[in-house]
Amino acid sequence: MTAPSQPQSVTVEVHDLHKKFGALEVLKGISFQVNRGERFVIMGPSGSGKSVLLKHIIGLMRPNAGEILIEGLSIQNPSVRDKYRMAMVFQSAALLTSLTVGENVGLYLVEHQLKSPEQIDAIVARTLETVGLKGLQDRAPSELSGGMQKRVAIARALIVEPQLVLFDEPTSELDPLMAVTIGEEILNLNQHTGATTIIVTHDRELAFATANRIAMINEGRIIFIGTAQEVQNSADPVIQKFIRAELAAPKTR
Amino acid sequence: MFHNIGEILILFWQTLQALPQLWRQRRKVYDQLAYIGLASLFMVCILSLFIGGVLALQTGPVLVEHGISTVLGGMIGLSMCKELAPVMIAILVAGRIGSAMSAEIGSMQVYEEIDALRTMNIDPVRYLVLPRMVAIAISLPVLVLFSIPVGWFGGAMVCDFNQRIAVSFDSFFQNLRDVVDLGDVLNGLFKSFVFALAIGIISCHQGLITRGGPRGIGRSVTKAVVNSIVLILILDYFLTRFLLYVQK
């Protein structure tokens with residue numbers, strides 16, 4: 001596992017990434033770099049290739065062309081996972097339904113035998129308390145609400161003490177209050193671990209509240225990278241259309 | 001098809017490579033043993049009792065007609081331990097346990113639980129496939145070990161109570177003891193061990209390649225069961241040839 005002298009975060013470089021599913025080209029030459037400890041948001045409409053991009057960054061998918069480098073090493077290199085701690089919070093939370101909440105959170109430590117069972121119990125209890133789920137260790141994931149499941153998934157990521165953490169649509173299917181809570185949890189996690197954080201979302205408020213930089217993605221291409229302010233001031237019509245989109249209230253007679 | 005066979009062989013090799021880490025997965029092996037063994041034991045006994053009974057019912061009157069009813073014990077004894085118990089119980093386990101394995105792993109694949117394991121640097125082969133393979137490789141031969149005497153008992157009962165056969169319990173088991181030896185039972189256990197590996201690896205592989213939501217899970221379960229049963233019957237022929245050759 002990682003030596004204690006290693007930095008708390010890593011750099012991520014994406015070079016000319018292409019991905020095709022049959023004839024459909026989902027990623028059309030994506031390139032960007034994320035600095036150590038940065039909160040980098042990838043924002044764009046549904047179907048623009050955000051989640052596919054995220055799965056490439058964590059190494060769950062192989063690109064047709066291009067590469068992803070973690071601290072200069074390809075993510076496809078098997079030693080990268082042993083060298084750097086990475087975690088991902090899935091859109092669906094992806095908790096193991098056969099395990100309790102506590103077992104889900106402590107799974108990484110148990111499977112890698114990093115602590116004694118007593119220590120793991122204590123760390124799990126502390127981590128769950130951090131995300132506001134104190135005392136829920138013995139509950140089944142199916143007994144929790146969508147927001148609580150997401151927070152368990154964040155606790156599971158937190159316990160890894162990740163150097164890189166990825167969030168896939170963390171606020172989707174959540175009510176506005178829970179979305180704010182999750183946004184705060186992301187900021188807490190970033191401050192707590194100092195980890196490089198990449199968030200994929202179409203939630204504009206979450207993006208503007210959490211991002212150091214935002215990459216706008218549309219139809220498999222990055223069309224703009226900048227700070228939240230720069231994105232909002234951009235004259236690009238696609239960006240303006242996305243960030244200003246609002247449902248017009250029906251006219252009353 | 002060849003792509004799938006290649007993937008299955010690679011998965012089997014990866015499972016063998018993960019074997020040294022079995023001790024760490026022992027709790028999951030116990031859980032799977034309890035699930036596979038205990039859940040199937042009653043069904044296995046019922047099935048075996050009736051297989052032995054129907055075998056006696058079909059062959060008994062014909063053998064009586066030809067005046068060779070004394071060989072019934074040995075014939076049913078051999079059929080049960082060398083052929084019927086391993087094959088029928090393997091088919092039962094393929095339907096009952098193989099389907100459950102592919103459905104469970106398939107749903108974990110569809111709902112990104114396996115992706116979550118990978119992001120935590122937890123090998124799904126070590127975490128999911130290895131305990132299931134070990135558990136089924138142990139429990140299927142044990143189930144067959146229960147099935148064989150129960151099948152013999154079912155055959156003996158029918159031979160004794162059926163008026164057209166009327167071979168007593170004692171003479172049935174006397175002939176069985178004369179004909180069947182330990183090697184025949186081990187023959188059946190060896191077959192069941194190979195069948196167990198086939199069911200386990202096909203079901204786990206099918207689960208891991210599941211795509212496309214609940215419909216995909218359903219497709220995987222069907223494929224796992226059908227492919228397992230077909231492979232059991234094909235393997236049975238070649239294993240029988242092999243064992244006959246070895247026993248010469």
# chains A, B, ... in the order shown; residues from 1 in each chain; ligands from 1
>>> residues_around(residues="A:Asp138", least_positions_apart="3", cutoff="9 Å", atoms="only C-alpha atoms", output="JSON, numbers by chain")
{"A": [100, 101, 102, 103, 135]}
>>> write_last_selection(atoms="N, CA and C atoms", output="short mmCIF file (atom, residue, chain, number, x, y, z; two decimals), in the first residue's frame")
data_model
loop_
_atom_site.label_atom_id
_atom_site.label_comp_id
_atom_site.auth_asym_id
_atom_site.auth_seq_id
_atom_site.Cartn_x
_atom_site.Cartn_y
_atom_site.Cartn_z
N THR A 100 -24.07 -5.24 5.27
CA THR A 100 -24.68 -4.16 6.04
C THR A 100 -23.97 -2.84 5.69
N VAL A 101 -24.53 -1.75 6.19
CA VAL A 101 -23.91 -0.44 5.96
C VAL A 101 -22.47 -0.43 6.49
N GLY A 102 -22.30 -0.94 7.71
CA GLY A 102 -20.96 -0.97 8.32
C GLY A 102 -19.97 -1.81 7.52
N GLU A 103 -20.45 -2.97 7.04
CA GLU A 103 -19.57 -3.85 6.26
C GLU A 103 -19.20 -3.19 4.93
N GLY A 135 -24.44 5.36 14.09
CA GLY A 135 -25.21 4.23 14.62
C GLY A 135 -25.98 3.41 13.60
#
>>> residues_around(residues="A:Leu128", least_positions_apart="5", cutoff="7 Å", atoms="only C-alpha atoms", output="compact mmCIF listing (two decimals) with C-alpha atoms, in the first residue's frame")
# COMPACT_ATOMS: atom_id res chain seq x y z
CA LEU A 133 -25.11 8.48 9.81
CA LYS A 134 -24.10 7.64 13.37
CA ALA A 155 -18.14 7.23 3.81
>>> closest_atom_pairs(of="chain B", to="chain A", cutoff="6 Å", atoms="only C-alpha atoms", output="JSON lines")
{"residue": "B:Glu112", "atom": "CA", "partner": "A:Ala94", "partner_atom": "CA", "distance": 5.5}
{"residue": "B:Glu113", "atom": "CA", "partner": "A:Ala94", "partner_atom": "CA", "distance": 4.9}
{"residue": "B:Thr119", "atom": "CA", "partner": "A:Ala87", "partner_atom": "CA", "distance": 5.8}
>>> select_by_dssp(residues="stretch 38-191 of chain A", states="helix (DSSP H, G or I)", output="MDAnalysis selection string")
chainID A and resid 50:57 79:83 101:111 117:130 141:143 146:158 176:191
>>> closest_residue(among="B:Ser220, B:Asn187, B:Gln14, B:Thr210", to="B:Val246", atoms="only C-alpha atoms")
B:Asn187
>>> atom_distance(atom1="atom CA of B:Ile229", atom2="atom CA of B:Val185")
21.9 Å
>>> select_by_dssp(residues="stretch 10-180 of chain A", states="strand (DSSP E)", output="MDAnalysis selection string")
chainID A and resid 12:21 24:34 39:43 65:70 73:74 86:89 164:168
>>> write_last_selection(atoms="C-alpha atoms", output="short mmCIF file (atom, residue, chain, number, x, y, z; two decimals), in the first residue's frame")
data_model
loop_
_atom_site.label_atom_id
_atom_site.label_comp_id
_atom_site.auth_asym_id
_atom_site.auth_seq_id
_atom_site.Cartn_x
_atom_site.Cartn_y
_atom_site.Cartn_z
CA VAL A 12 -4.60 13.42 -13.53
CA GLU A 13 -3.84 13.93 -17.22
CA VAL A 14 -6.24 12.94 -19.97
CA HIS A 15 -4.72 12.88 -23.45
CA ASP A 16 -6.79 12.76 -26.64
CA LEU A 17 -9.27 10.20 -25.34
CA HIS A 18 -11.50 8.43 -27.87
CA LYS A 19 -14.20 5.89 -27.12
CA LYS A 20 -16.60 4.18 -29.50
CA PHE A 21 -19.50 1.84 -28.76
CA LEU A 24 -21.38 5.54 -31.88
CA GLU A 25 -18.40 7.70 -30.92
CA VAL A 26 -19.01 8.85 -27.35
CA LEU A 27 -15.67 10.53 -26.60
CA LYS A 28 -14.06 12.45 -29.47
CA GLY A 29 -10.59 13.44 -28.36
CA ILE A 30 -10.90 14.63 -24.76
CA SER A 31 -7.83 16.26 -23.19
CA PHE A 32 -7.38 18.06 -19.89
CA GLN A 33 -5.25 18.06 -16.76
CA VAL A 34 -6.32 18.11 -13.12
CA ARG A 39 -11.85 20.10 -7.31
CA PHE A 40 -12.50 19.65 -11.01
CA VAL A 41 -16.07 19.49 -12.27
CA ILE A 42 -17.03 18.00 -15.61
CA MET A 43 -20.40 19.47 -16.51
CA ALA A 65 -7.30 5.73 -28.36
CA GLY A 66 -5.59 8.16 -26.00
CA GLU A 67 -4.47 7.67 -22.43
CA ILE A 68 -5.04 8.67 -18.83
CA LEU A 69 -2.06 9.31 -16.61
CA ILE A 70 -2.11 9.33 -12.81
CA LEU A 73 1.61 6.54 -14.96
CA SER A 74 -1.05 5.04 -17.22
CA MET A 86 -8.50 5.97 -5.53
CA ALA A 87 -12.21 5.93 -4.80
CA MET A 88 -15.37 6.52 -6.75
CA VAL A 89 -18.86 7.45 -5.58
CA LEU A 164 -8.11 10.74 -6.06
CA VAL A 165 -11.87 10.65 -5.59
CA LEU A 166 -14.45 10.65 -8.37
CA PHE A 167 -18.14 11.50 -8.07
CA ASP A 168 -20.61 10.42 -10.72
#
>>> decode(residues="stretch 80-150 of chain B", atoms="C-alpha atoms", output="PDB file, in the first residue's frame")
ATOM      1  CA  MET B  80     -26.784 -44.807  -8.941  1.00  0.00           C
ATOM      2  CA  CYS B  81     -23.196 -44.294  -7.870  1.00  0.00           C
ATOM      3  CA  LYS B  82     -21.490 -44.152 -11.256  1.00  0.00           C
ATOM      4  CA  GLU B  83     -24.067 -42.350 -13.347  1.00  0.00           C
ATOM      5  CA  LEU B  84     -27.457 -41.277 -12.038  1.00  0.00           C
ATOM      6  CA  ALA B  85     -26.503 -39.668  -8.734  1.00  0.00           C
ATOM      7  CA  PRO B  86     -23.646 -37.505 -10.095  1.00  0.00           C
ATOM      8  CA  VAL B  87     -25.491 -36.477 -13.266  1.00  0.00           C
ATOM      9  CA  MET B  88     -28.962 -35.899 -11.813  1.00  0.00           C
ATOM     10  CA  ILE B  89     -27.713 -34.067  -8.726  1.00  0.00           C
ATOM     11  CA  ALA B  90     -25.407 -31.953 -10.889  1.00  0.00           C
ATOM     12  CA  ILE B  91     -28.384 -31.009 -13.080  1.00  0.00           C
ATOM     13  CA  LEU B  92     -30.408 -30.183  -9.963  1.00  0.00           C
ATOM     14  CA  VAL B  93     -27.574 -28.036  -8.591  1.00  0.00           C
ATOM     15  CA  ALA B  94     -27.102 -26.333 -11.975  1.00  0.00           C
ATOM     16  CA  GLY B  95     -30.765 -25.334 -11.916  1.00  0.00           C
ATOM     17  CA  ARG B  96     -30.908 -24.382  -8.273  1.00  0.00           C
ATOM     18  CA  ILE B  97     -27.463 -23.026  -7.408  1.00  0.00           C
ATOM     19  CA  GLY B  98     -25.967 -22.168 -10.823  1.00  0.00           C
ATOM     20  CA  SER B  99     -28.956 -19.959 -11.589  1.00  0.00           C
ATOM     21  CA  ALA B 100     -28.676 -18.228  -8.213  1.00  0.00           C
ATOM     22  CA  MET B 101     -24.927 -17.642  -8.704  1.00  0.00           C
ATOM     23  CA  SER B 102     -25.329 -16.084 -12.132  1.00  0.00           C
ATOM     24  CA  ALA B 103     -28.310 -13.987 -10.981  1.00  0.00           C
ATOM     25  CA  GLU B 104     -26.478 -12.682  -7.911  1.00  0.00           C
ATOM     26  CA  ILE B 105     -23.228 -11.844  -9.697  1.00  0.00           C
ATOM     27  CA  GLY B 106     -25.179 -10.595 -12.730  1.00  0.00           C
ATOM     28  CA  SER B 107     -27.195  -8.168 -10.641  1.00  0.00           C
ATOM     29  CA  MET B 108     -23.993  -6.977  -8.937  1.00  0.00           C
ATOM     30  CA  GLN B 109     -22.549  -6.371 -12.406  1.00  0.00           C
ATOM     31  CA  VAL B 110     -25.605  -4.502 -13.669  1.00  0.00           C
ATOM     32  CA  TYR B 111     -25.942  -2.338 -10.544  1.00  0.00           C
ATOM     33  CA  GLU B 112     -22.216  -1.397 -10.588  1.00  0.00           C
ATOM     34  CA  GLU B 113     -21.367  -3.251  -7.362  1.00  0.00           C
ATOM     35  CA  ILE B 114     -18.544  -5.090  -9.147  1.00  0.00           C
ATOM     36  CA  ASP B 115     -17.248  -1.793 -10.535  1.00  0.00           C
ATOM     37  CA  ALA B 116     -17.285  -0.494  -6.950  1.00  0.00           C
ATOM     38  CA  LEU B 117     -15.158  -3.486  -5.879  1.00  0.00           C
ATOM     39  CA  ARG B 118     -12.691  -2.782  -8.683  1.00  0.00           C
ATOM     40  CA  THR B 119     -12.359   0.872  -7.694  1.00  0.00           C
ATOM     41  CA  MET B 120     -11.438  -0.321  -4.181  1.00  0.00           C
ATOM     42  CA  ASN B 121      -8.770  -2.554  -5.737  1.00  0.00           C
ATOM     43  CA  ILE B 122     -10.710  -5.651  -4.639  1.00  0.00           C
ATOM     44  CA  ASP B 123     -10.419  -8.430  -7.197  1.00  0.00           C
ATOM     45  CA  PRO B 124     -13.940  -9.717  -8.050  1.00  0.00           C
ATOM     46  CA  VAL B 125     -12.488 -13.140  -8.850  1.00  0.00           C
ATOM     47  CA  ARG B 126     -11.017 -13.443  -5.370  1.00  0.00           C
ATOM     48  CA  TYR B 127     -14.024 -11.865  -3.653  1.00  0.00           C
ATOM     49  CA  LEU B 128     -16.926 -13.406  -5.598  1.00  0.00           C
ATOM     50  CA  VAL B 129     -15.825 -16.318  -7.779  1.00  0.00           C
ATOM     51  CA  LEU B 130     -13.318 -18.119  -5.541  1.00  0.00           C
ATOM     52  CA  PRO B 131     -15.625 -18.737  -2.532  1.00  0.00           C
ATOM     53  CA  ARG B 132     -18.433 -19.939  -4.785  1.00  0.00           C
ATOM     54  CA  MET B 133     -16.175 -22.268  -6.759  1.00  0.00           C
ATOM     55  CA  VAL B 134     -14.683 -23.804  -3.620  1.00  0.00           C
ATOM     56  CA  ALA B 135     -18.068 -24.179  -1.960  1.00  0.00           C
ATOM     57  CA  ILE B 136     -19.718 -25.863  -4.942  1.00  0.00           C
ATOM     58  CA  ALA B 137     -16.666 -28.110  -5.508  1.00  0.00           C
ATOM     59  CA  ILE B 138     -17.008 -29.349  -1.921  1.00  0.00           C
ATOM     60  CA  SER B 139     -20.777 -29.476  -1.589  1.00  0.00           C
ATOM     61  CA  LEU B 140     -21.737 -31.219  -4.825  1.00  0.00           C
ATOM     62  CA  PRO B 141     -19.684 -34.382  -4.099  1.00  0.00           C
ATOM     63  CA  VAL B 142     -21.060 -34.339  -0.529  1.00  0.00           C
ATOM     64  CA  LEU B 143     -24.599 -34.114  -1.880  1.00  0.00           C
ATOM     65  CA  VAL B 144     -23.839 -37.018  -4.214  1.00  0.00           C
ATOM     66  CA  LEU B 145     -22.500 -38.948  -1.239  1.00  0.00           C
ATOM     67  CA  PHE B 146     -25.938 -38.523   0.375  1.00  0.00           C
ATOM     68  CA  SER B 147     -27.745 -39.217  -2.871  1.00  0.00           C
ATOM     69  CA  ILE B 148     -26.157 -42.620  -3.546  1.00  0.00           C
ATOM     70  CA  PRO B 149     -27.366 -44.522  -0.428  1.00  0.00           C
ATOM     71  CA  VAL B 150     -30.762 -42.813  -0.542  1.00  0.00           C
TER      72      VAL B 150
END
